[in-house]
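Here's the structure we're looking at; comments come further down.
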Amino acid sequence: MSTLIGIRGEDANSIDALYSPAKEKAANRGAYSSRSPLLLRRARQLLGEAKLKLFLGFFALCVVVFVTSRLSSFMGWNPHYPSSVSSPSRGGYTVLINTWKRNSLLKQSVAHYASCSGTEAIHVVWSESDPPSESLKAYLKKIVFQKSQTAQKPNFKFDINEEDNLNNRFKPIEDLKTNAIFSVDDDVIVPCPTLNFAFTVWQSAPFAMVGFVPRMHWLEKAEHGDTYYKYGGWWSVWSMGTYSMVLSKAAFFHRKYLDLYTHKMPSPIHDYVSRERNCEDIAMSLLVANATGAPPIWVKGKIYEIGSSGISSLKEHSEKRNKCLSDFATHYGTIPLVSTNVKAVDARQEWFW
């Protein structure tokens, strides 16, 4: 499987920085050299449009080789990492679905992920006051059996909690047979080929968070002179070409982080998530960054949100996320998040990154 890791600017002042469309967008800020666009213009003149495609294909191959070698010492990335996940007993991943009173979406989600070849188990985090009905249990078990394309059908289970608490989504799971956890909301659908590609990326860096929804943070100065941390959504990532989190609404991480989140994370953060009913995903990102000192990995790929609304659609969501970051920083003494410009791309689906 070919994996192309696009880097938007490993060194902002280097004339050898790789070219991407984002560099043209940032050119007025002086963030990137204009050498690469000039190289392309000269290539068109010398080679013509037909030969240019061959030239770009060769150049893309060189980028793959170059970036793979550079990443061997960066953020724990190793394309040949001898992960235990590759052994027969841990050859796939567990899909961990967080749901809340949306049974129709849950049925769609379970049916879809049961059809993915890498799925070894599906666990549904259930935090409603009433337990799931017997008819719902029977339906979901039946649909898992019907939709699975593998000889060994995925194990299906409800993880039932006695209280409604967002921390429930990261509780340790008994009898877990995979190291890889794919955490996903009940209204998020990731196509199976895209999901399986992200899994191979995670296998290369099994202690990083690997996901599809990047976010960022930065330090902002208030009018009265104090500073606070600001949470940046997708448009901030797009405009600045950097990120420091991938949200757990669609992300892989190692099973050990379930135990660390529940038993080792500062208890005031648990209390904050319970009280505010928000920011458990930020808390997990901080936990992983604090444990690794490394950035997450954003995987390029289409995902589909089939629900109509959620917490993120509520008024003042961004302000609450800003407050989460600043409050959590007091418990760590800093913000351990690490920013990066790296994105994993399936080169089989791309002409040129």
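We name chains A, B, ... following the order of the structure tokens; residues begin at 1 in each chain, and ligands are numbered from 1 as shown.
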
Select from stretch 90-203 of chain A every residue with an atom at most 6 Å from any atom of stretch 291-311 of chain A, then for each give the shortest pair of atoms and their distance in Å to one decimal, using only C-alpha atoms, rows by chain and rising number, as a tab-separated table.
```
residue	atom	partner	partner_atom	distance
A:Asp187	CA	A:Gly307	CA	5.0
A:Val188	CA	A:Glu305	CA	4.6
A:Ile189	CA	A:Tyr304	CA	5.0
A:Val190	CA	A:Ile303	CA	4.8
```

Give me, as a ChimeraX atom specification, all polymer residues having an atom no more than 9 Å from stretch 166-179 of chain A, counting only C-alpha atoms and skipping those fewer than 4 positions away in the same chain. /A:84-85,89-94,96-98,120-121,123-127,159,161,183,206,253-262,270,273-274,277-280,284

Can you spit out the residues from that selection as a compact mmCIF listing (two decimals), in the first residue's frame, using N, CA and C atoms?
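part_26.txt, freshly written:
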```
# COMPACT_ATOMS: atom_id res chain seq x y z
N SER A 84 2.31 -5.16 17.51
CA SER A 84 1.64 -6.40 17.86
C SER A 84 0.27 -6.48 17.21
N VAL A 85 -0.21 -5.35 16.71
CA VAL A 85 -1.52 -5.35 16.05
C VAL A 85 -1.49 -6.23 14.81
N SER A 89 -3.85 -12.51 16.45
CA SER A 89 -4.81 -12.26 17.52
C SER A 89 -5.19 -10.79 17.62
N ARG A 90 -4.43 -9.90 17.00
CA ARG A 90 -4.71 -8.47 17.09
C ARG A 90 -4.67 -7.85 15.69
N GLY A 91 -5.22 -8.59 14.72
CA GLY A 91 -5.08 -8.17 13.34
C GLY A 91 -6.01 -7.09 12.87
N GLY A 92 -6.98 -6.68 13.68
CA GLY A 92 -7.93 -5.67 13.26
C GLY A 92 -8.11 -4.61 14.32
N TYR A 93 -9.31 -4.05 14.37
CA TYR A 93 -9.58 -2.97 15.31
C TYR A 93 -10.97 -3.14 15.91
N THR A 94 -11.14 -2.52 17.06
CA THR A 94 -12.44 -2.48 17.72
C THR A 94 -13.08 -1.13 17.43
N LEU A 96 -15.56 1.58 18.52
CA LEU A 96 -16.19 2.02 19.76
C LEU A 96 -17.15 3.17 19.42
N ILE A 97 -18.44 2.87 19.43
CA ILE A 97 -19.46 3.84 18.99
C ILE A 97 -20.12 4.48 20.20
N ASN A 98 -20.05 5.80 20.25
CA ASN A 98 -20.74 6.53 21.31
C ASN A 98 -22.11 6.98 20.79
N GLU A 120 -12.95 -6.17 14.07
CA GLU A 120 -12.97 -7.41 14.84
C GLU A 120 -14.04 -7.39 15.92
N ALA A 121 -14.40 -6.19 16.36
CA ALA A 121 -15.42 -6.08 17.41
C ALA A 121 -16.09 -4.72 17.30
N HIS A 123 -18.27 -2.19 19.89
CA HIS A 123 -18.80 -1.90 21.23
C HIS A 123 -19.58 -0.61 21.16
N VAL A 124 -20.77 -0.61 21.73
CA VAL A 124 -21.61 0.58 21.78
C VAL A 124 -21.62 1.11 23.21
N VAL A 125 -21.18 2.36 23.37
CA VAL A 125 -21.19 3.00 24.69
C VAL A 125 -22.60 3.52 24.94
N TRP A 126 -23.29 2.92 25.91
CA TRP A 126 -24.70 3.24 26.19
C TRP A 126 -24.79 3.91 27.56
N SER A 127 -25.24 5.17 27.57
CA SER A 127 -25.31 5.94 28.82
C SER A 127 -26.72 6.46 29.11
N ASP A 159 -21.80 -1.63 26.00
CA ASP A 159 -21.14 -1.29 27.25
C ASP A 159 -22.09 -0.35 27.99
N ASN A 161 -23.72 1.85 30.92
CA ASN A 161 -23.30 2.67 32.06
C ASN A 161 -24.53 3.10 32.86
N SER A 183 -12.55 5.11 17.68
CA SER A 183 -13.60 5.83 18.39
C SER A 183 -14.40 6.66 17.39
N PRO A 206 1.54 3.50 16.43
CA PRO A 206 0.43 3.01 17.27
C PRO A 206 0.20 3.75 18.57
N PHE A 253 -6.86 5.17 18.29
CA PHE A 253 -5.84 5.32 19.33
C PHE A 253 -5.64 3.96 20.00
N HIS A 254 -4.57 3.86 20.77
CA HIS A 254 -4.22 2.60 21.43
C HIS A 254 -5.12 2.36 22.63
N ARG A 255 -5.43 1.11 22.88
CA ARG A 255 -6.31 0.73 23.99
C ARG A 255 -5.79 1.22 25.33
N LYS A 256 -4.48 1.40 25.48
CA LYS A 256 -3.93 1.79 26.77
C LYS A 256 -4.44 3.16 27.21
N TYR A 257 -4.85 3.99 26.24
CA TYR A 257 -5.31 5.33 26.60
C TYR A 257 -6.67 5.31 27.29
N LEU A 258 -7.44 4.23 27.12
CA LEU A 258 -8.68 4.11 27.87
C LEU A 258 -8.38 4.00 29.36
N ASP A 259 -7.38 3.21 29.70
CA ASP A 259 -6.99 3.06 31.10
C ASP A 259 -6.38 4.35 31.65
N LEU A 260 -5.52 5.00 30.85
CA LEU A 260 -4.89 6.24 31.29
C LEU A 260 -5.93 7.33 31.50
N TYR A 261 -6.89 7.42 30.59
CA TYR A 261 -7.94 8.44 30.71
C TYR A 261 -8.75 8.24 31.99
N THR A 262 -9.10 7.00 32.28
CA THR A 262 -9.98 6.71 33.41
C THR A 262 -9.25 6.75 34.75
N HIS A 270 -11.82 15.14 34.73
CA HIS A 270 -13.02 14.30 34.71
C HIS A 270 -14.23 15.09 35.20
N VAL A 273 -15.45 17.66 32.59
CA VAL A 273 -16.19 17.04 31.48
C VAL A 273 -17.59 16.64 31.94
N SER A 274 -17.69 16.09 33.15
CA SER A 274 -19.00 15.68 33.68
C SER A 274 -19.91 16.88 33.88
N ARG A 277 -20.45 18.83 30.32
CA ARG A 277 -20.92 17.97 29.22
C ARG A 277 -20.28 18.37 27.89
N ASN A 278 -18.97 18.49 27.92
CA ASN A 278 -18.23 18.94 26.74
C ASN A 278 -16.75 18.63 26.95
N CYS A 279 -16.02 18.61 25.86
CA CYS A 279 -14.54 18.61 25.86
C CYS A 279 -13.87 17.30 26.24
N GLU A 280 -14.61 16.19 26.25
CA GLU A 280 -13.93 14.91 26.50
C GLU A 280 -12.95 14.59 25.39
N MET A 284 -8.91 13.89 25.80
CA MET A 284 -8.17 12.75 25.28
C MET A 284 -6.98 13.19 24.45
```

Close residues, stretch 209-226 of chain A itself excluded, 8 Å, only C-alpha atoms, min 3 positions apart in chain, as a ChimeraX atom specification: /A:198,201-202,206,229-234,236-237,242-254,285,288,296-301,303,339

Pick from A:Asn103, A:Ile143, A:Val95, A:Phe199, whichever lies nearest to A:Ile122 using only C-alpha atoms: A:Val95

Could you tell me, as a ChimeraX atom specification, which residues of stretch 107-215 of chain A DSSP assigns to alpha helix (DSSP H) when given the backbone? /A:107-114,134-147,192-204

Using only C-alpha atoms for the distances, tell me which of A:Tyr113, A:Ala347, A:Asn341, A:His331 is nearest to A:Val184.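 For A:Val184, the nearest of the given residues is A:Tyr113.
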
Measure the distance from atom CA of A:Arg348 to atom CA of A:Ala208 in Å and round it to one decimal. 23.5 Å

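In this structure, atom CA of A:Pro193 sits 13.5 Å away from atom CA of A:Gln149.
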